[in-house]
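Visitor: Once you've had a glance at the structure underneath, I'll fire off some questions.
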Amino acid sequence: DTPVWELDYAALRGFDVLDTGESVPRLAEVLDAVPPRVDVNVELKHPGRGIVECGPLDADVLADQRAVWRDFVGDVVDVLDGYAHDVLFSSFHEGALAAARDVDASIPLANVFFESVASGLAVARRHDVEYFHVPLNMVLGTSRFGEPYAEGPYEPVDLLSIAREEGRRVNVWTVRDPRDGVELARAGVDGLITDLPVTVPEAGAEGSAPAVDGAD
């Protein structure tokens with residue numbers, strides 16, 4: 001019943017992940033196992049202390065949340081500096097995105113959309129993120145739009161068009177069915193976030209398949 005971020009690493013190290021016989025790795029161990037040519041999406045979920053808020057936040061709360069996240073993000077960047085991978089930071093939390101911009105503005109950001117399209121856009125534009133990370137039932141014009149999943153139903157806003165107009169990219173979570181992967185590729189998304197192997201043929205915009213990213 002203890003939140004994972006309240007456990008010390010000695011406790012986490014004792015867990016077995018999905019009956020694989022492997023324990024919970026540190027970030028450096030993950031990067032050691034991933035070839036440098038593979039891009040890495042590091043999702044900032046919790047800084048290990050304090051209360052974290054999802055955005056959009058008012059100015060005073062955002063300032064407090066930025067401070068809550070800053071040391072943690074700095075520690076993550078210190079680890080990443082030892083590796084050659086191209087990296088993307090993503091988060092549901094506006095404070096994490098703000099802290100990431102402060103610590104290393106060269107690392108691209110992705111705002112994870114959740115509660116509403118309007119809220120997601122507000123945070124994305126405030127921090128000029130390079131990516132929208134949207135749930136699969138938020139992509140207008142696909143069969144999953146408006147279905148029950150995570151939150152929703154969402155406003156009928158064409159986020160793919162908005163992203164193109166604003167020079168951003170769109171990755172979609174969490175794709176577990178290859179048929180969804182094909183449909184989203186044809187709709188023109190840039191990437192798929194999945195925790196299962198998903199094979200996508202060359203069916204995306206301009207004849208290319210989106211990237212596939214392993215979630216969690």
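Order determines the names: the first chain of the structure tokens is A, the second B, and so forth; residues in each chain are numbered 1 upward, and ligands are numbered 1 upward as they are shown.
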Where does DSSP see strand (DSSP E or B) in range 12-127 of chain A, if you list the residues as a list in words?
Guide: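 Strand (DSSP E or B) assignments inside range 12-127 of chain A correspond to Val40, Asn41, Val42, Glu43, Val87, Leu88, Phe89, Ser90, Ser91, Leu109, Ala110, Asn111 and Val112 of chain A.
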Visitor: If you count only C-alpha atoms, which residues fall within 8 Å of Gly74 in chain A, apart from same-chain ones fewer than 4 positions away, as a VMD selection string?
Guide: chain A and resid 70 78 100 103
Visitor: With N, CA and C atoms retained, write the just-selected residues as a PDB file, in the first residue's frame.
Guide:
ATOM      1  N   ARG A  70      12.866  20.498  -9.428  1.00  0.00           N
ATOM      2  CA  ARG A  70      14.130  20.904 -10.043  1.00  0.00           C
ATOM      3  C   ARG A  70      15.303  19.984  -9.682  1.00  0.00           C
ATOM      4  N   ASP A  78      21.943  14.666 -14.989  1.00  0.00           N
ATOM      5  CA  ASP A  78      23.319  14.256 -14.688  1.00  0.00           C
ATOM      6  C   ASP A  78      23.582  12.833 -15.189  1.00  0.00           C
ATOM      7  N   ALA A 100      12.386  21.076 -16.208  1.00  0.00           N
ATOM      8  CA  ALA A 100      13.239  20.543 -17.270  1.00  0.00           C
ATOM      9  C   ALA A 100      13.758  21.650 -18.176  1.00  0.00           C
ATOM     10  N   VAL A 103      16.583  23.354 -16.238  1.00  0.00           N
ATOM     11  CA  VAL A 103      17.796  22.569 -16.039  1.00  0.00           C
ATOM     12  C   VAL A 103      18.571  22.382 -17.327  1.00  0.00           C
TER      13      VAL A 103
END
Visitor: Quick check, in Å to one decimal: how far apart do CA of Val73 in chain A and CA of Ala98 in chain A lie?
Guide: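 Taking CA of Val73 in chain A and CA of Ala98 in chain A, their separation equals 10.1 Å.
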Visitor: Sorted by chain and rising residue number, which residues of range 29-117 of chain A lie within 10 Å of range 138-155 of chain A, and what are their closest atom pairs and distances in Å to one decimal, counting only C-alpha atoms, as CSV?
Guide:
residue,atom,partner,partner_atom,distance
A:Phe113,CA,A:Met138,CA,8.8
A:Phe114,CA,A:Glu151,CA,6.4
A:Glu115,CA,A:Glu151,CA,6.1
A:Ser116,CA,A:Tyr154,CA,6.1
A:Val117,CA,A:Glu155,CA,6.4
Visitor: Atoms to include: C-alpha atoms. Write the selected residues as a compact mmCIF listing (two decimals), in the first residue's frame.
Guide:
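Below is the file that was written, again.txt:
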# COMPACT_ATOMS: atom_id res chain seq x y z
CA PHE A 113 -2.58 15.33 -22.46
CA PHE A 114 -5.15 13.87 -20.08
CA GLU A 115 -8.03 15.88 -18.62
CA SER A 116 -8.97 17.96 -21.67
CA VAL A 117 -7.65 19.16 -25.00
